[in-house]
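Heads up, the thing below is written out as structure tokens.
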Amino acid sequence: MMIVKTAEQIERMREPCLIVRDLLKMIESEIRPGITTKKLDLLIFDFIKKHGAVPSFLGYNGYPASACISVEDEVVHGIPSDRVLQEGEIVSIDVGAYKNSFHSDAARTFPVGRISPLKEKLIKVTEECFFKGFETLKDGVRLGDLGYAIQSHAENNGFSVVRSLVGHGVGLNLHEDPNIPNYGKPGRGLRLRAGMTVAIEPMINAGVYEVNVLNDGWTIVTADSKPSAHYENTVLITEDGAEILTL
Ligand code: MF3
Ligand code: CO
């Protein structure tokens with residue numbers, strides 16, 4: 001069931017969205033060679049708590065941390081660990097906060113020190129993919145048109161779109177209907193309606209789109225071990241467009 005939020009619900013949802021917005025700005029300044037992903041997760045937990053919210057991911061289906069931190073060929077759902085970030089790597093941070101009975105969900109991919117031109121391009125194109133999709137959003141937009149905008153920008157730049165993981169509705173629950181693929185065919189699919197809040201989250205691979213799950217049951221990695229980037233915002237669909245709540 002797709003949920004259209006009331007004006008009052010949307011107002012309550014703004015605060016958890018602003019918390020992750022500010023959190024992602026804070027964490028960017030902490031990313032450097034030598035820091036562990038566990039340390040970043042601890043900073044994220046403290047930030048969310050300090051703002052009177054609860055980490056949406058902690059305990060979700062048994063997930064053991066506040067953030068998903070995915071390095072290099074890890075696409076999403078990387079579990080924070082003693083892994084030390086190295087100069088030249090890219091790291092995706094995905095976080096959600098729960099406050100006022102509502103969840104937010106957002107992710108960014110950051111460089112660790114100086115990175116290769118290919119990784120620079122991958123991060124940039126992934127962010128652009130989000131905005132190509134965002135530009136299609138308005139009351140009545142079809143998921144095929146949104147997905148096509150994202151997919152064609154990725155593929156025109158020589159990259160691929162992960163198929164087996166998708167965006168989603170977000171709000172009363174972290175994951176709500178509908179599923180929102182980052183690929184699609186123009187003129188096809190469900191229509192989004194004004195008042196829906198959705199997480200749009202392109203996951204873009206430098207190589208093939210196929211992915212595998214590691215033995216930890218969570219971490220998704222690219223099948224060819226090439227790097228992957230992720231960019232996500234919680235977005236409100238409006239009558240004539242959309243509003244990014246986490247930016
Ligand atoms: N932002 C992630 C997603 O939409 C949420 C991860 S759920 C967790 O897929 F359990 F892995 F934390
Ligand atoms: Co999400």
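Identifiers for the structure tokens are assigned positionally: chains receive A, B, ... in sequence, residues are indexed from 1 per chain, and ligands are indexed from 1 in the order shown.
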
Which residues are near Phe134 in chain A? Cut-off 9 Å, only C-alpha atoms, ignore same chain within fewer than 5 positions. Put them as an mmCIF file with all heavy atoms, in the first residue's frame.
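Output file around07.cif is given in full below:
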```
data_model
loop_
_atom_site.group_PDB
_atom_site.id
_atom_site.type_symbol
_atom_site.label_atom_id
_atom_site.label_comp_id
_atom_site.auth_asym_id
_atom_site.auth_seq_id
_atom_site.Cartn_x
_atom_site.Cartn_y
_atom_site.Cartn_z
ATOM 1 N N CYS A 129 22.925 11.248 -11.455
ATOM 2 C CA CYS A 129 21.828 10.300 -11.712
ATOM 3 C C CYS A 129 20.646 10.597 -10.794
ATOM 4 O O CYS A 129 19.483 10.592 -11.230
ATOM 5 C CB CYS A 129 22.296 8.863 -11.488
ATOM 6 S SG CYS A 129 23.254 8.182 -12.852
ATOM 7 N N LEU A 146 11.021 7.791 -14.279
ATOM 8 C CA LEU A 146 12.057 8.094 -13.284
ATOM 9 C C LEU A 146 13.265 7.172 -13.487
ATOM 10 O O LEU A 146 14.412 7.619 -13.588
ATOM 11 C CB LEU A 146 11.462 7.907 -11.877
ATOM 12 C CG LEU A 146 12.428 7.832 -10.704
ATOM 13 C CD1 LEU A 146 13.194 9.134 -10.545
ATOM 14 C CD2 LEU A 146 11.687 7.505 -9.413
ATOM 15 N N ALA A 149 15.365 7.854 -16.634
ATOM 16 C CA ALA A 149 16.219 9.049 -16.537
ATOM 17 C C ALA A 149 17.519 8.709 -15.805
ATOM 18 O O ALA A 149 18.612 9.134 -16.210
ATOM 19 C CB ALA A 149 15.465 10.170 -15.810
ATOM 20 N N ILE A 150 17.408 7.933 -14.745
ATOM 21 C CA ILE A 150 18.595 7.551 -13.965
ATOM 22 C C ILE A 150 19.475 6.608 -14.784
ATOM 23 O O ILE A 150 20.678 6.819 -14.943
ATOM 24 C CB ILE A 150 18.161 6.886 -12.639
ATOM 25 C CG1 ILE A 150 17.444 7.900 -11.738
ATOM 26 C CG2 ILE A 150 19.372 6.274 -11.921
ATOM 27 C CD1 ILE A 150 16.793 7.306 -10.493
ATOM 28 N N ILE A 200 15.019 8.044 -3.039
ATOM 29 C CA ILE A 200 15.554 7.814 -4.386
ATOM 30 C C ILE A 200 17.047 7.571 -4.207
ATOM 31 O O ILE A 200 17.741 8.431 -3.644
ATOM 32 C CB ILE A 200 15.330 9.048 -5.285
ATOM 33 C CG1 ILE A 200 13.863 9.490 -5.272
ATOM 34 C CG2 ILE A 200 15.835 8.775 -6.708
ATOM 35 C CD1 ILE A 200 12.912 8.600 -5.977
ATOM 36 N N VAL A 235 12.739 12.298 -0.342
ATOM 37 C CA VAL A 235 12.143 13.312 -1.212
ATOM 38 C C VAL A 235 10.620 13.313 -1.020
ATOM 39 O O VAL A 235 10.003 12.250 -0.904
ATOM 40 C CB VAL A 235 12.471 12.975 -2.685
ATOM 41 C CG1 VAL A 235 11.704 13.862 -3.637
ATOM 42 C CG2 VAL A 235 13.978 13.085 -2.941
ATOM 43 N N GLY A 241 6.195 19.141 -8.683
ATOM 44 C CA GLY A 241 7.621 18.824 -8.629
ATOM 45 C C GLY A 241 7.916 17.948 -7.434
ATOM 46 O O GLY A 241 7.182 17.004 -7.141
ATOM 47 N N ALA A 242 9.001 18.266 -6.759
ATOM 48 C CA ALA A 242 9.367 17.489 -5.580
ATOM 49 C C ALA A 242 10.318 18.327 -4.729
ATOM 50 O O ALA A 242 10.934 19.265 -5.225
ATOM 51 C CB ALA A 242 10.038 16.184 -5.980
ATOM 52 N N GLU A 243 10.393 17.955 -3.443
ATOM 53 C CA GLU A 243 11.262 18.679 -2.510
ATOM 54 C C GLU A 243 12.206 17.685 -1.847
ATOM 55 O O GLU A 243 11.764 16.650 -1.330
ATOM 56 C CB GLU A 243 10.415 19.384 -1.447
ATOM 57 C CG GLU A 243 11.234 20.157 -0.444
ATOM 58 C CD GLU A 243 10.418 20.721 0.729
ATOM 59 O OE1 GLU A 243 9.175 20.620 0.703
ATOM 60 O OE2 GLU A 243 11.044 21.222 1.675
ATOM 61 N N ILE A 244 13.500 17.994 -1.847
ATOM 62 C CA ILE A 244 14.463 17.129 -1.188
ATOM 63 C C ILE A 244 14.481 17.478 0.304
ATOM 64 O O ILE A 244 14.787 18.611 0.672
ATOM 65 C CB ILE A 244 15.876 17.307 -1.792
ATOM 66 C CG1 ILE A 244 15.843 17.029 -3.294
ATOM 67 C CG2 ILE A 244 16.861 16.368 -1.090
ATOM 68 C CD1 ILE A 244 17.170 17.249 -4.003
#
```

Could the residues that lie within 6 Å of ligand 1, counting only C-alpha atoms and all ligand atoms, be listed as a list of chain:residue names?
->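 Taking only C-alpha atoms and all ligand atoms into account, the residues around ligand 1 at most 6 Å away are A:Phe57, A:Tyr60, A:Asn61, A:Tyr63, A:His77, A:Asp94, A:Asp105.
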
For those residues, write C-alpha atoms to a file as a PDB file, in the first residue's frame.
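Now in out_6.pdb:
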```pdb
ATOM      1  CA  PHE A  57      19.053   1.032  10.819  1.00  0.00           C
ATOM      2  CA  TYR A  60      16.452  -3.294  11.492  1.00  0.00           C
ATOM      3  CA  ASN A  61      16.111  -6.966  10.468  1.00  0.00           C
ATOM      4  CA  TYR A  63      21.326  -5.025  11.390  1.00  0.00           C
ATOM      5  CA  HIS A  77      24.969  -2.475   3.507  1.00  0.00           C
ATOM      6  CA  ASP A  94      24.086   5.501   4.366  1.00  0.00           C
ATOM      7  CA  ASP A 105      17.107   7.837   4.794  1.00  0.00           C
TER       8      ASP A 105
END
```

Compute the set of protein, DNA and RNA residues whose minimum atom distance to ligand 2 is at most 8 Å, using only C-alpha atoms and all ligand atoms, and state it as a ChimeraX atom specification.
-> /A:94,105-107,166-168,170,174-175,199-201,232

Emit the selected residues as a CSV table (one decimal), in the first residue's frame, including all heavy atoms.
```csv
chain,number,residue,atom,x,y,z
A,94,ASP,N,25.5,5.5,4.5
A,94,ASP,CA,24.1,5.5,4.4
A,94,ASP,C,23.5,5.5,5.8
A,94,ASP,O,23.9,4.7,6.6
A,94,ASP,CB,23.7,4.2,3.6
A,94,ASP,CG,22.2,4.1,3.3
A,94,ASP,OD1,21.5,5.0,3.7
A,94,ASP,OD2,21.9,3.2,2.5
A,105,ASP,N,16.1,8.8,5.4
A,105,ASP,CA,17.1,7.8,4.8
A,105,ASP,C,17.9,8.6,3.8
A,105,ASP,O,17.3,9.2,2.9
A,105,ASP,CB,16.3,6.7,4.1
A,105,ASP,CG,17.2,5.5,3.7
A,105,ASP,OD1,18.4,5.5,3.9
A,105,ASP,OD2,16.6,4.5,3.2
A,106,ALA,N,19.2,8.6,3.9
A,106,ALA,CA,20.1,9.4,2.9
A,106,ALA,C,21.5,8.8,2.9
A,106,ALA,O,21.9,8.2,3.9
A,106,ALA,CB,20.1,10.8,3.3
A,107,ALA,N,22.1,8.9,1.7
A,107,ALA,CA,23.5,8.4,1.6
A,107,ALA,C,24.3,9.3,0.7
A,107,ALA,O,23.8,9.9,-0.2
A,107,ALA,CB,23.4,7.0,1.0
A,166,VAL,N,16.8,-1.4,-4.8
A,166,VAL,CA,16.0,-0.3,-5.3
A,166,VAL,C,15.7,0.7,-4.3
A,166,VAL,O,15.9,0.5,-3.1
A,166,VAL,CB,14.7,-0.9,-5.9
A,166,VAL,CG1,15.0,-1.8,-7.1
A,166,VAL,CG2,13.9,-1.6,-4.8
A,167,GLY,N,15.2,1.9,-4.7
A,167,GLY,CA,14.7,2.9,-3.8
A,167,GLY,C,13.3,2.4,-3.3
A,167,GLY,O,12.8,1.4,-3.6
A,168,HIS,N,12.7,3.3,-2.4
A,168,HIS,CA,11.5,2.8,-1.7
A,168,HIS,C,10.8,4.0,-1.1
A,168,HIS,O,11.4,5.1,-0.8
A,168,HIS,CB,11.9,1.9,-0.6
A,168,HIS,CG,13.1,2.4,0.2
A,168,HIS,ND1,12.8,3.1,1.4
A,168,HIS,CD2,14.4,2.4,0.1
A,168,HIS,CE1,14.0,3.5,1.9
A,168,HIS,NE2,15.0,3.1,1.1
A,170,VAL,N,9.4,5.9,2.2
A,170,VAL,CA,10.0,6.0,3.5
A,170,VAL,C,9.1,7.0,4.4
A,170,VAL,O,8.5,7.9,3.8
A,170,VAL,CB,11.4,6.5,3.4
A,170,VAL,CG1,11.6,7.8,2.7
A,170,VAL,CG2,12.1,6.6,4.8
A,174,LEU,N,10.9,2.5,7.7
A,174,LEU,CA,12.1,2.8,6.9
A,174,LEU,C,11.9,2.4,5.4
A,174,LEU,O,12.3,3.1,4.5
A,174,LEU,CB,13.3,2.0,7.5
A,174,LEU,CG,14.6,2.2,6.8
A,174,LEU,CD1,15.0,3.7,6.8
A,174,LEU,CD2,15.7,1.3,7.5
A,175,HIS,N,11.2,1.2,5.2
A,175,HIS,CA,10.9,0.8,3.9
A,175,HIS,C,9.4,0.7,3.7
A,175,HIS,O,8.8,-0.2,4.4
A,175,HIS,CB,11.6,-0.5,3.6
A,175,HIS,CG,13.1,-0.4,3.5
A,175,HIS,ND1,14.0,-1.4,3.9
A,175,HIS,CD2,13.9,0.5,3.0
A,175,HIS,CE1,15.2,-1.0,3.7
A,175,HIS,NE2,15.2,0.1,3.2
A,199,ALA,N,12.5,7.4,-0.9
A,199,ALA,CA,14.0,7.5,-1.0
A,199,ALA,C,14.4,7.1,-2.4
A,199,ALA,O,14.1,6.0,-2.8
A,199,ALA,CB,14.5,6.5,0.1
A,200,ILE,N,15.0,8.0,-3.0
A,200,ILE,CA,15.6,7.8,-4.4
A,200,ILE,C,17.0,7.6,-4.2
A,200,ILE,O,17.7,8.4,-3.6
A,200,ILE,CB,15.3,9.0,-5.3
A,200,ILE,CG1,13.9,9.5,-5.3
A,200,ILE,CG2,15.8,8.8,-6.7
A,200,ILE,CD1,12.9,8.6,-6.0
A,201,GLU,N,17.5,6.4,-4.6
A,201,GLU,CA,18.9,6.0,-4.3
A,201,GLU,C,19.6,5.2,-5.3
A,201,GLU,O,19.8,4.0,-5.2
A,201,GLU,CB,18.9,5.3,-2.9
A,201,GLU,CG,18.0,4.1,-2.8
A,201,GLU,CD,18.2,3.4,-1.5
A,201,GLU,OE1,19.4,3.2,-1.0
A,201,GLU,OE2,17.2,3.0,-0.8
A,232,GLU,N,21.7,9.1,-2.1
A,232,GLU,CA,20.3,8.9,-1.8
A,232,GLU,C,19.8,10.1,-1.0
A,232,GLU,O,20.5,10.7,-0.1
A,232,GLU,CB,20.2,7.7,-0.8
A,232,GLU,CG,18.8,7.5,-0.3
A,232,GLU,CD,18.7,6.2,0.6
A,232,GLU,OE1,19.7,5.8,1.2
A,232,GLU,OE2,17.6,5.6,0.7
```

Using DSSP on the backbone coordinates, identify the residues of range 24-239 of chain A assigned to strand (DSSP E or B); present them as a ChimeraX atom specification.
-> /A:36,54-55,67-71,74-76,84,90-95,97-99,102-103,106-111,142,160-161,167-169,176-180,191,197-200,203-205,211-213,220-222,228-230,232-237

DSSP helix (DSSP H, G or I) selection over range 4-232 of chain A, as a VMD selection string | chain A and resid 7 to 28 37 to 50 60 to 62 117 to 134 143 to 156

Near-Ser152 in chain A list (12 Å; only C-alpha atoms; drop same-chain fewer than 2 positions) as an MDAnalysis selection string | chainID A and resid 125:126 128:130 132:133 144:150 154:161 182:186 202 204

Mind dumping the selected residues with C-alpha atoms as a PDB file, in the first residue's frame?
```pdb
ATOM      1  CA  VAL A 125      27.778  10.690 -12.226  1.00  0.00           C
ATOM      2  CA  THR A 126      25.994   8.869  -9.375  1.00  0.00           C
ATOM      3  CA  GLU A 128      23.922  13.471 -11.266  1.00  0.00           C
ATOM      4  CA  CYS A 129      21.828  10.300 -11.712  1.00  0.00           C
ATOM      5  CA  PHE A 130      19.883  11.221  -8.580  1.00  0.00           C
ATOM      6  CA  LYS A 132      18.257  13.393 -13.428  1.00  0.00           C
ATOM      7  CA  GLY A 133      15.671  11.248 -11.664  1.00  0.00           C
ATOM      8  CA  GLY A 144       9.454   3.868 -15.615  1.00  0.00           C
ATOM      9  CA  ASP A 145      10.145   7.501 -16.524  1.00  0.00           C
ATOM     10  CA  LEU A 146      12.057   8.094 -13.284  1.00  0.00           C
ATOM     11  CA  GLY A 147      14.089   4.904 -13.706  1.00  0.00           C
ATOM     12  CA  TYR A 148      14.819   5.593 -17.358  1.00  0.00           C
ATOM     13  CA  ALA A 149      16.219   9.049 -16.537  1.00  0.00           C
ATOM     14  CA  ILE A 150      18.595   7.551 -13.965  1.00  0.00           C
ATOM     15  CA  ALA A 154      24.584   6.143 -15.895  1.00  0.00           C
ATOM     16  CA  GLU A 155      24.902   4.080 -19.062  1.00  0.00           C
ATOM     17  CA  ASN A 156      25.696   7.104 -21.272  1.00  0.00           C
ATOM     18  CA  ASN A 157      28.701   7.592 -18.982  1.00  0.00           C
ATOM     19  CA  GLY A 158      29.854   3.980 -19.318  1.00  0.00           C
ATOM     20  CA  PHE A 159      28.579   2.854 -15.902  1.00  0.00           C
ATOM     21  CA  SER A 160      25.892   0.344 -14.873  1.00  0.00           C
ATOM     22  CA  VAL A 161      22.834   0.422 -12.617  1.00  0.00           C
ATOM     23  CA  ASN A 182      16.867   2.997 -10.762  1.00  0.00           C
ATOM     24  CA  TYR A 183      16.160   1.593 -14.226  1.00  0.00           C
ATOM     25  CA  GLY A 184      13.042   1.457 -16.351  1.00  0.00           C
ATOM     26  CA  LYS A 185      11.188   2.057 -19.584  1.00  0.00           C
ATOM     27  CA  PRO A 186       9.478   5.367 -20.449  1.00  0.00           C
ATOM     28  CA  PRO A 202      20.907   5.250  -7.390  1.00  0.00           C
ATOM     29  CA  ILE A 204      25.974   2.866  -9.787  1.00  0.00           C
TER      30      ILE A 204
END
```
